>>> print(open('entry_28.cif').read())   # mmCIF, C-alpha atoms
data_final
#
loop_
_atom_site.label_atom_id
_atom_site.label_comp_id
_atom_site.auth_asym_id
_atom_site.auth_seq_id
_atom_site.Cartn_x
_atom_site.Cartn_y
_atom_site.Cartn_z
CA MET A 20 55.43 -81.54 -26.78
CA LEU A 21 53.35 -80.94 -23.69
CA GLN A 22 53.63 -83.62 -21.02
CA THR A 23 51.10 -82.18 -18.59
CA LEU A 24 48.41 -79.51 -18.49
CA ALA A 25 47.14 -77.72 -15.38
CA ILE A 26 43.98 -75.60 -15.54
CA ARG A 27 42.75 -73.31 -12.77
CA GLY A 28 39.64 -71.10 -12.99
CA PHE A 29 39.11 -71.58 -16.74
CA ARG A 30 35.60 -72.25 -18.08
CA ALA A 31 34.25 -75.50 -16.56
CA PHE A 32 37.41 -76.17 -14.53
CA GLU A 33 37.94 -74.79 -11.06
CA SER A 34 41.12 -76.87 -10.76
CA TYR A 35 42.06 -79.70 -13.13
CA ARG A 36 45.05 -81.60 -14.55
CA LEU A 37 45.89 -83.80 -17.51
CA THR A 38 49.02 -85.94 -17.22
CA ASP A 39 51.08 -88.42 -19.23
CA LEU A 40 50.21 -86.75 -22.51
CA ALA A 41 51.34 -88.42 -25.74
CA ARG A 42 51.91 -87.25 -29.31
CA VAL A 43 48.25 -87.97 -30.18
CA ASN A 44 45.70 -87.46 -27.39
CA LEU A 45 41.99 -88.28 -27.68
CA VAL A 46 39.90 -86.32 -25.16
CA VAL A 47 36.63 -88.05 -24.25
CA GLY A 48 33.82 -87.55 -21.74
CA ARG A 49 30.15 -86.72 -21.39
CA ASN A 50 28.47 -83.72 -22.99
CA ASN A 51 29.35 -80.41 -21.34
CA CYS A 52 32.24 -81.94 -19.39
CA GLY A 53 34.81 -79.54 -20.85
CA LYS A 54 36.40 -81.47 -23.74
CA THR A 55 36.42 -78.46 -26.06
CA SER A 56 37.58 -76.27 -23.16
CA VAL A 57 40.69 -78.45 -22.87
CA LEU A 58 41.53 -77.69 -26.52
CA GLU A 59 40.89 -73.98 -25.97
CA ALA A 60 43.13 -73.97 -22.89
CA ILE A 61 45.97 -75.54 -24.87
CA GLU A 62 45.54 -73.05 -27.71
CA LEU A 63 45.68 -70.13 -25.28
CA LEU A 64 48.67 -71.54 -23.43
CA VAL A 65 50.90 -72.31 -26.40
CA SER A 66 49.90 -69.09 -28.20
CA GLY A 67 51.07 -67.09 -25.20
CA GLY A 68 47.56 -65.71 -24.67
CA HIS A 69 47.22 -64.31 -28.19
CA PRO A 70 44.11 -62.04 -28.16
CA ALA A 71 42.86 -63.60 -31.39
CA VAL A 72 42.39 -66.91 -29.55
CA PHE A 73 39.88 -65.29 -27.20
CA TYR A 74 37.98 -63.86 -30.15
CA ASP A 75 38.00 -67.11 -32.15
CA SER A 76 36.79 -69.11 -29.17
CA ALA A 77 33.93 -66.67 -28.50
CA ARG A 78 32.94 -66.68 -32.17
CA ARG A 79 32.76 -70.48 -32.31
CA ARG A 80 30.62 -70.54 -29.17
CA GLY A 81 28.42 -67.54 -30.02
CA GLU A 82 29.69 -65.53 -27.05
CA MET A 83 30.06 -62.23 -28.85
CA GLY A 84 29.41 -59.02 -26.95
CA VAL A 85 27.48 -55.84 -27.61
CA PRO A 86 28.42 -54.49 -31.09
CA TYR A 87 30.25 -51.36 -30.04
CA ALA A 88 31.92 -49.41 -32.83
CA ARG A 89 30.33 -51.35 -35.66
CA ARG A 90 32.24 -49.53 -38.37
CA VAL A 91 35.68 -49.87 -36.85
CA ARG A 92 37.77 -53.01 -36.86
CA GLU A 93 37.64 -53.88 -33.16
CA ARG A 94 35.90 -57.16 -32.37
CA PRO A 95 33.52 -57.07 -29.37
CA THR A 96 33.86 -60.25 -27.32
CA ASP A 97 32.19 -61.18 -24.05
CA VAL A 98 35.09 -62.77 -22.15
CA SER A 99 33.18 -63.36 -18.90
CA HIS A 100 32.46 -66.92 -20.03
CA VAL A 101 36.13 -67.95 -20.06
CA PHE A 102 36.27 -67.62 -16.27
CA PHE A 103 35.03 -70.40 -14.00
CA GLY A 104 31.39 -69.89 -13.06
CA HIS A 105 31.10 -67.04 -15.62
CA LYS A 106 32.29 -64.77 -12.83
CA PHE A 107 33.64 -61.42 -13.97
CA ASP A 108 34.70 -59.07 -11.20
CA LEU A 109 37.79 -57.16 -10.20
CA GLY A 110 40.50 -59.71 -9.42
CA THR A 111 38.86 -62.61 -11.28
CA HIS A 112 41.56 -64.67 -12.96
CA PHE A 113 42.50 -67.98 -14.53
CA GLU A 114 45.85 -69.71 -14.90
CA LEU A 115 47.17 -72.33 -17.31
CA SER A 116 50.50 -74.13 -17.07
CA SER A 117 52.38 -77.14 -18.36
CA ASP A 118 55.50 -79.16 -17.68
CA GLY A 119 56.36 -77.78 -14.28
CA GLY A 120 55.94 -74.14 -15.27
CA LYS A 121 57.81 -74.25 -18.57
CA TYR A 122 54.67 -72.81 -20.15
CA THR A 123 52.40 -70.53 -18.13
CA LEU A 124 49.58 -68.11 -18.83
CA SER A 125 47.85 -65.82 -16.37
CA VAL A 126 44.77 -63.76 -17.25
CA ARG A 127 43.37 -61.32 -14.68
CA VAL A 128 40.70 -58.62 -14.46
CA GLN A 129 42.33 -55.42 -13.19
CA SER A 130 41.31 -51.92 -12.23
CA LEU A 131 42.03 -49.04 -14.60
CA ASP A 132 44.59 -47.75 -12.10
CA GLU A 133 46.52 -51.02 -12.41
CA VAL A 134 46.37 -50.80 -16.20
CA GLY A 135 47.87 -47.30 -16.17
CA GLU A 136 48.51 -45.40 -19.40
CA ASP A 137 46.58 -47.87 -21.55
CA SER A 138 43.29 -46.76 -20.00
CA GLU A 139 43.97 -43.16 -21.08
CA TYR A 140 44.68 -44.40 -24.61
CA TRP A 141 41.36 -46.30 -24.71
CA ASP A 142 39.48 -43.19 -23.58
CA ARG A 143 41.10 -41.07 -26.32
CA ARG A 144 40.13 -43.61 -28.97
CA ARG A 145 36.54 -43.68 -27.74
CA LYS A 146 36.31 -39.88 -28.00
CA GLN A 147 37.70 -40.06 -31.53
CA TRP A 148 35.05 -42.64 -32.47
CA LEU A 149 32.32 -40.42 -31.01
CA GLN A 150 33.54 -37.46 -33.05
CA ARG A 151 33.52 -39.56 -36.22
CA GLY A 152 30.02 -40.85 -35.54
CA LEU A 153 31.12 -44.43 -34.98
CA PHE A 154 29.30 -44.57 -31.64
CA ASP A 155 25.85 -43.29 -30.83
CA GLN A 156 26.25 -40.27 -28.56
CA ASP A 157 24.20 -41.95 -25.83
CA GLU A 158 26.02 -45.29 -26.10
CA GLU A 159 27.80 -46.22 -22.89
CA ALA A 160 31.02 -47.66 -24.27
CA VAL A 161 33.33 -46.60 -21.47
CA PRO A 162 36.06 -48.99 -20.28
CA VAL A 163 35.64 -49.71 -16.59
CA LEU A 164 38.22 -52.48 -16.14
CA GLY A 165 41.27 -53.94 -17.84
CA LEU A 166 42.07 -57.50 -18.89
CA SER A 167 45.72 -58.37 -18.30
CA ILE A 168 47.14 -61.30 -20.30
CA ASP A 169 50.59 -62.43 -19.19
CA GLY A 170 52.31 -65.32 -20.99
CA ARG A 171 55.56 -66.87 -19.81
CA PRO A 172 58.42 -67.44 -20.53
CA SER A 173 57.89 -65.06 -23.47
CA GLY A 174 57.25 -62.22 -21.02
CA ARG A 175 54.63 -60.70 -23.32
CA GLN A 176 51.88 -58.83 -21.47
CA VAL A 177 48.79 -57.40 -23.12
CA ASP A 178 46.23 -55.12 -21.45
CA LEU A 179 42.80 -54.80 -23.06
CA PRO A 180 39.77 -52.57 -22.30
CA VAL A 181 36.73 -54.14 -20.64
CA MET A 182 33.27 -52.56 -20.75
CA ASP A 183 30.84 -52.74 -17.84
CA ASP A 184 29.07 -55.79 -19.34
CA GLY A 185 32.26 -57.84 -19.72
CA THR A 186 32.80 -56.99 -23.39
CA VAL A 187 36.39 -56.62 -24.58
CA LEU A 188 37.37 -54.85 -27.80
CA PHE A 189 40.03 -56.92 -29.55
CA GLU A 190 42.17 -55.67 -32.38
CA PRO A 191 41.74 -57.81 -35.51
CA TYR A 192 44.09 -60.73 -36.09
CA PRO A 193 43.04 -62.39 -39.37
CA ARG A 194 45.49 -65.32 -39.44
CA SER A 195 43.81 -68.71 -39.10
CA ILE A 196 47.08 -70.40 -38.15
CA ARG A 197 49.12 -68.30 -35.77
CA ASN A 198 52.48 -68.66 -34.11
CA GLY A 199 52.60 -69.43 -30.44
CA ALA A 200 54.60 -67.59 -27.85
CA TYR A 201 57.79 -69.27 -29.02
CA GLY A 202 57.18 -69.21 -32.78
CA THR A 203 55.38 -72.55 -32.54
CA PRO A 204 52.34 -72.95 -34.82
CA VAL A 205 49.01 -73.83 -33.24
CA HIS A 206 45.77 -74.46 -35.12
CA PHE A 207 42.25 -75.12 -33.82
CA LEU A 208 40.33 -77.13 -36.41
CA THR A 209 36.59 -77.81 -36.63
CA LEU A 210 36.07 -80.09 -39.59
CA ASP A 211 32.42 -79.12 -40.06
CA SER A 212 33.30 -75.50 -40.80
CA PHE A 213 36.28 -75.94 -43.12
CA ASP A 214 35.33 -74.45 -46.49
CA PRO A 215 37.15 -74.67 -49.85
CA ALA A 216 38.41 -71.08 -49.55
CA SER A 217 40.32 -71.70 -46.30
CA MET A 218 41.52 -75.06 -47.58
CA GLY A 219 42.69 -73.32 -50.77
CA GLY A 220 44.96 -71.06 -48.75
CA MET A 221 46.66 -74.13 -47.28
CA TRP A 222 46.85 -75.71 -50.73
CA ASP A 223 48.84 -72.68 -51.88
CA THR A 224 51.46 -73.62 -49.29
CA VAL A 225 51.45 -77.19 -50.58
CA LEU A 226 52.09 -75.92 -54.12
CA ALA A 227 54.84 -73.56 -52.99
CA GLU A 228 56.61 -76.40 -51.17
CA GLY A 229 56.06 -78.96 -53.95
CA ARG A 230 54.20 -81.41 -51.70
CA GLU A 231 51.21 -82.27 -53.90
CA ALA A 232 52.24 -85.92 -54.35
CA GLU A 233 52.61 -86.38 -50.60
CA ILE A 234 49.08 -85.10 -49.93
CA VAL A 235 47.56 -87.19 -52.74
CA ASP A 236 49.27 -90.33 -51.46
CA ASP A 237 47.84 -89.81 -47.96
CA MET A 238 44.36 -89.15 -49.37
CA ARG A 239 44.28 -92.57 -51.06
CA LEU A 240 42.99 -93.84 -47.73
CA LEU A 241 39.46 -93.03 -48.94
CA GLU A 242 39.99 -93.43 -52.70
CA PRO A 243 42.83 -95.80 -53.69
CA ASP A 244 42.66 -94.67 -57.34
CA LEU A 245 43.12 -90.99 -56.50
CA ASP A 246 45.70 -89.40 -58.81
CA SER A 247 45.44 -85.63 -58.35
CA ILE A 248 43.75 -82.79 -56.43
CA HIS A 249 42.85 -79.42 -57.98
CA PHE A 250 41.50 -76.26 -56.36
CA LEU A 251 39.37 -74.10 -58.68
CA THR A 252 40.00 -70.36 -58.82
CA SER A 253 36.69 -69.35 -60.44
CA GLY A 254 34.44 -70.95 -57.83
CA ARG A 255 31.96 -72.07 -60.49
CA LEU A 256 31.42 -75.42 -58.78
CA SER A 257 29.99 -75.40 -55.30
CA SER A 258 32.77 -77.56 -53.89
CA GLY A 259 35.65 -75.60 -55.45
CA ILE A 260 37.81 -78.77 -55.43
CA LEU A 261 38.24 -81.37 -58.16
CA VAL A 262 39.88 -84.80 -57.94
CA GLY A 263 41.38 -86.86 -60.76
CA LEU A 264 41.69 -90.65 -60.93
CA ARG A 265 44.50 -92.88 -62.20
CA HIS A 266 42.47 -94.23 -65.13
CA GLY A 267 41.95 -90.68 -66.43
CA GLY A 268 38.65 -89.30 -67.58
CA ARG A 269 36.74 -86.34 -66.27
CA ARG A 270 37.87 -84.74 -63.01
CA LEU A 271 35.03 -84.75 -60.51
CA PRO A 272 34.00 -82.45 -57.62
CA ILE A 273 35.31 -83.76 -54.32
CA GLY A 274 31.72 -83.83 -53.02
CA THR A 275 31.01 -86.69 -55.43
CA TYR A 276 32.85 -88.97 -53.01
CA GLY A 277 30.86 -87.83 -50.01
CA ASP A 278 31.68 -85.35 -47.30
CA GLY A 279 34.26 -87.67 -45.74
CA MET A 280 36.75 -86.99 -48.53
CA ARG A 281 36.55 -83.22 -48.04
CA ARG A 282 36.87 -83.54 -44.27
CA LEU A 283 39.88 -85.83 -44.49
CA LEU A 284 41.53 -83.43 -46.94
CA ALA A 285 40.90 -80.56 -44.51
CA LEU A 286 42.50 -82.61 -41.76
CA ARG A 287 45.51 -83.46 -43.90
CA LEU A 288 46.04 -79.88 -45.05
CA SER A 289 45.98 -78.69 -41.43
CA PHE A 290 49.25 -80.52 -40.84
CA VAL A 291 50.94 -78.39 -43.50
CA GLY A 292 50.83 -75.23 -41.39
CA THR A 293 51.48 -76.86 -38.03
CA ALA A 294 54.77 -78.70 -38.49
CA ASN A 295 56.68 -78.72 -35.16
CA GLY A 296 53.57 -77.37 -33.44
CA PHE A 297 50.12 -78.25 -32.19
CA LEU A 298 46.92 -79.32 -33.95
CA LEU A 299 43.64 -79.18 -32.00
CA ILE A 300 40.68 -80.98 -33.58
CA ASP A 301 37.14 -80.76 -32.23
CA GLU A 302 35.08 -83.87 -33.10
CA ILE A 303 37.78 -85.51 -35.21
CA ASP A 304 35.51 -88.22 -36.62
CA THR A 305 32.79 -85.87 -37.91
CA GLY A 306 31.57 -87.01 -41.33
CA LEU A 307 33.76 -90.14 -41.40
CA HIS A 308 32.25 -93.64 -41.52
CA TRP A 309 32.99 -96.04 -38.68
CA THR A 310 34.57 -98.56 -41.08
CA ILE A 311 37.62 -96.32 -41.70
CA MET A 312 38.28 -95.29 -38.08
CA GLU A 313 41.38 -97.48 -37.73
CA GLU A 314 42.78 -96.20 -41.03
CA MET A 315 41.98 -92.63 -40.02
CA TRP A 316 43.93 -93.02 -36.78
CA GLN A 317 46.87 -94.63 -38.56
CA PHE A 318 46.85 -91.70 -40.96
CA VAL A 319 46.75 -89.17 -38.09
CA VAL A 320 49.48 -90.80 -36.00
CA GLU A 321 51.89 -91.35 -38.87
CA VAL A 322 51.48 -87.84 -40.27
CA ALA A 323 51.86 -86.40 -36.76
CA ARG A 324 55.13 -88.28 -36.33
CA LYS A 325 56.40 -87.20 -39.73
CA SER A 326 55.46 -83.55 -39.15
CA ASN A 327 56.45 -83.49 -35.46
CA VAL A 328 52.98 -82.30 -34.44
CA GLN A 329 51.26 -82.93 -31.12
CA ILE A 330 47.53 -83.55 -31.53
CA PHE A 331 44.64 -83.10 -29.14
CA ALA A 332 41.27 -84.26 -30.47
CA THR A 333 37.78 -84.77 -29.06
CA THR A 334 35.04 -87.26 -29.87
CA HIS A 335 31.67 -88.55 -28.65
CA SER A 336 31.89 -91.69 -30.77
CA TYR A 337 32.58 -95.15 -29.42
CA ASP A 338 33.49 -96.22 -32.97
CA CYS A 339 36.22 -93.57 -32.99
CA ILE A 340 37.65 -94.88 -29.71
CA GLN A 341 37.37 -98.47 -30.89
CA GLY A 342 39.25 -97.56 -34.06
CA LEU A 343 42.11 -96.24 -31.94
CA GLY A 344 42.12 -99.49 -29.96
CA SER A 345 42.21 -101.52 -33.18
CA LEU A 346 45.19 -99.50 -34.40
CA ILE A 347 47.13 -100.23 -31.21
CA LYS A 348 46.43 -103.93 -31.62
CA SER A 349 47.43 -104.07 -35.30
CA ARG A 350 50.32 -101.59 -35.08
CA PRO A 351 52.09 -102.10 -31.73
CA ASP A 352 54.92 -99.88 -32.99
CA LEU A 353 52.53 -96.90 -32.67
CA LYS A 354 51.11 -97.70 -29.23
CA GLU A 355 53.36 -95.32 -27.30
CA GLU A 356 52.28 -92.43 -29.50
CA VAL A 357 48.67 -92.25 -28.26
CA SER A 358 46.66 -91.63 -25.12
CA ILE A 359 43.00 -91.35 -24.16
CA GLN A 360 42.20 -88.61 -21.64
CA LYS A 361 38.78 -89.07 -20.02
CA VAL A 362 37.52 -85.76 -18.64
CA ASP A 363 35.20 -85.72 -15.63
CA THR A 364 34.80 -82.45 -13.74
CA SER A 365 33.77 -84.32 -10.57
CA LEU A 366 37.42 -85.40 -10.36
CA LYS A 367 40.56 -83.31 -10.03
CA GLN A 368 42.43 -85.06 -12.82
CA ALA A 369 41.61 -86.67 -16.14
CA VAL A 370 41.79 -90.47 -16.28
CA CYS A 371 44.62 -91.36 -18.65
CA LEU A 372 44.69 -94.58 -20.67
CA ARG A 373 47.84 -95.55 -22.56
CA SER A 374 48.69 -98.39 -24.99
CA ASP A 375 47.75 -101.72 -23.32
CA GLN A 376 45.09 -100.06 -21.17
CA ILE A 377 43.30 -98.84 -24.30
CA ARG A 378 43.59 -102.25 -25.95
CA ILE A 379 42.25 -104.07 -22.88
CA ALA A 380 39.36 -101.61 -22.52
CA MET A 381 38.33 -102.26 -26.12
CA GLU A 382 38.71 -106.06 -25.85
CA GLN A 383 36.60 -106.17 -22.70
CA ASP A 384 34.09 -103.64 -24.00
CA ILE A 385 34.71 -101.26 -21.09
CA GLU A 386 32.96 -97.90 -21.49
CA VAL A 387 35.59 -95.16 -21.62
CA ARG A 388 33.58 -92.27 -23.11
#
>>> encode(input="entry_28.cif", output="structure tokens")
Amino acid sequence: MLQTLAIRGFRAFESYRLTDLARVNLVVGRNNCGKTSVLEAIELLVSGGHPAVFYDSARRRGEMGVPYARRVRERPTDVSHVFFGHKFDLGTHFELSSDGGKYTLSVRVQSLDEVGEDSEYWDRRRKQWLQRGLFDQDEEAVPVLGLSIDGRPSGRQVDLPVMDDGTVLFEPYPRSIRNGAYGTPVHFLTLDSFDPASMGGMWDTVLAEGREAEIVDDMRLLEPDLDSIHFLTSGRLSSGILVGLRHGGRRLPIGTYGDGMRRLLALRLSFVGTANGFLLIDEIDTGLHWTIMEEMWQFVVEVARKSNVQIFATTHSYDCIQGLGSLIKSRPDLKEEVSIQKVDTSLKQAVCLRSDQIRIAMEQDIEVR
């Protein structure tokens, strides 16, 4: 697990630190303070700077670049936004690190001379695309810089072509859950975009490992009479997922129980592919009613312990924070497993609240968002 996180020159952070991290960490703060950026920094760091992370982040934020080579598989991504101040010039860089340098990532904009042979390879590919009609003849798709991604201690370095507008052409990496630099799984989850098809892929893993009963038991948080979960292969129903109850009868679409059931199932299935790794959840309470916040947190903490997963989640909701405080009060055995990290870019370091501090803040109605 990460104990600390240091960010320099990445998105909203010129220089920032998070300390005293726990197994489950709730990142809070005002709008546009960098909560999601913290999750993105962690994903980049533990993935060793996997190029797919850059692409996925840009896609979620709508930061895609000019559509060069529309009929080839490269993915145009405007990476200028990942640098502090949206600056993108020769020598611009950002650095991420954790635990005294055990994990480090350095990303730098370099000249083509520094890139070396890779720049000649990019130019040859561009000429091939022109000959095949994949570019317009007058389209200026000429690499002018290189993006160097250096992750340690893996030692893996990747150089990528950068166009004059900051667009990078990434090779496709279709995996939604990828291994980090050390074979450690890391998954960035947005509950509002999890569809039955992607959930079905995770359910296949559940079936292969014979863990259906375990998932059903955890899902009884929202429906105590839940007996079974079934993913449809034909897609005839809009939800694609059916649930069965203990008393029998007709199996019903999961949407019958409201969107909270589907979102909680998506959250639970995400643990399946991230055992011994990291799960990053943007807006963890989306679609869940305030009355089950304490139960939701108990569910998250206990599954995280069982799966040996470190969690970083964001929220804007006071009810979500209050639910975490209620859990600490009712389950003191779990109090050392959680932290609240309040992000404020006017400071150099996030304000960390642990166990009794969270409980006291909730009892005295102290604003921590």
>>> closest_residue(input="entry_28.cif", among="A:Ser167, A:Thr111, A:Asn327, A:Thr333", to="A:Glu302", atoms="only C-alpha atoms")
A:Thr333
>>> resolve_selection(input="entry_28.cif", expression="the PyMOL selection byres ((chain A and resi 224) around 12)", output="VMD selection string")
chain A and resid 217 to 223 225 to 231 234 288 to 293
>>> closest_residue(input="entry_28.cif", among="A:His335, A:Lys361, A:Lys354, A:Arg79", to="A:Trp316", atoms="all atoms listed in the file")
A:Lys354
>>> atom_distance(input="entry_28.cif", atom1="atom CA of A:Ile260", atom2="atom CA of A:Gly342")
28.5 Å
>>> closest_residue(input="entry_28.cif", among="A:Arg42, A:Glu59, A:Ile26, A:Leu164", to="A:Phe103", atoms="all atoms listed in the file")
A:Ile26
>>> atom_distance(input="entry_28.cif", atom1="atom CA of A:Glu133", atom2="atom CA of A:Pro70")
19.4 Å
>>> resolve_selection(input="entry_28.cif", expression="the PyMOL selection byres ((chain A and resi 242) around 12)", output="number ranges by chain")
A: 235-241, 243-248, 262-265, 273, 275-277, 279-281, 283-284, 311
>>> resolve_selection(input="entry_28.cif", expression="the PyMOL selection byres ((chain A and resi 322-326) around 9)", output="list in words")
Arg42, Val43, Asp237, Arg287, Phe290, Val291, Thr293, Ala294, Asn295, Gly296, Gln317, Phe318, Val319, Val320, Glu321, Asn327, Val328, Gln329, Ile330 and Glu356 of chain A
>>> atom_distance(input="entry_28.cif", atom1="atom CA of A:Glu62", atom2="atom CA of A:Phe207")
7.2 Å
>>> closest_residue(input="entry_28.cif", among="A:Pro204, A:Val47, A:Arg27, A:Thr209", to="A:Val126", atoms="only C-alpha atoms")
A:Arg27
>>> closest_residue(input="entry_28.cif", among="A:Val187, A:Val357, A:Val72, A:Leu115", to="A:Val98", atoms="only C-alpha atoms")
A:Val187
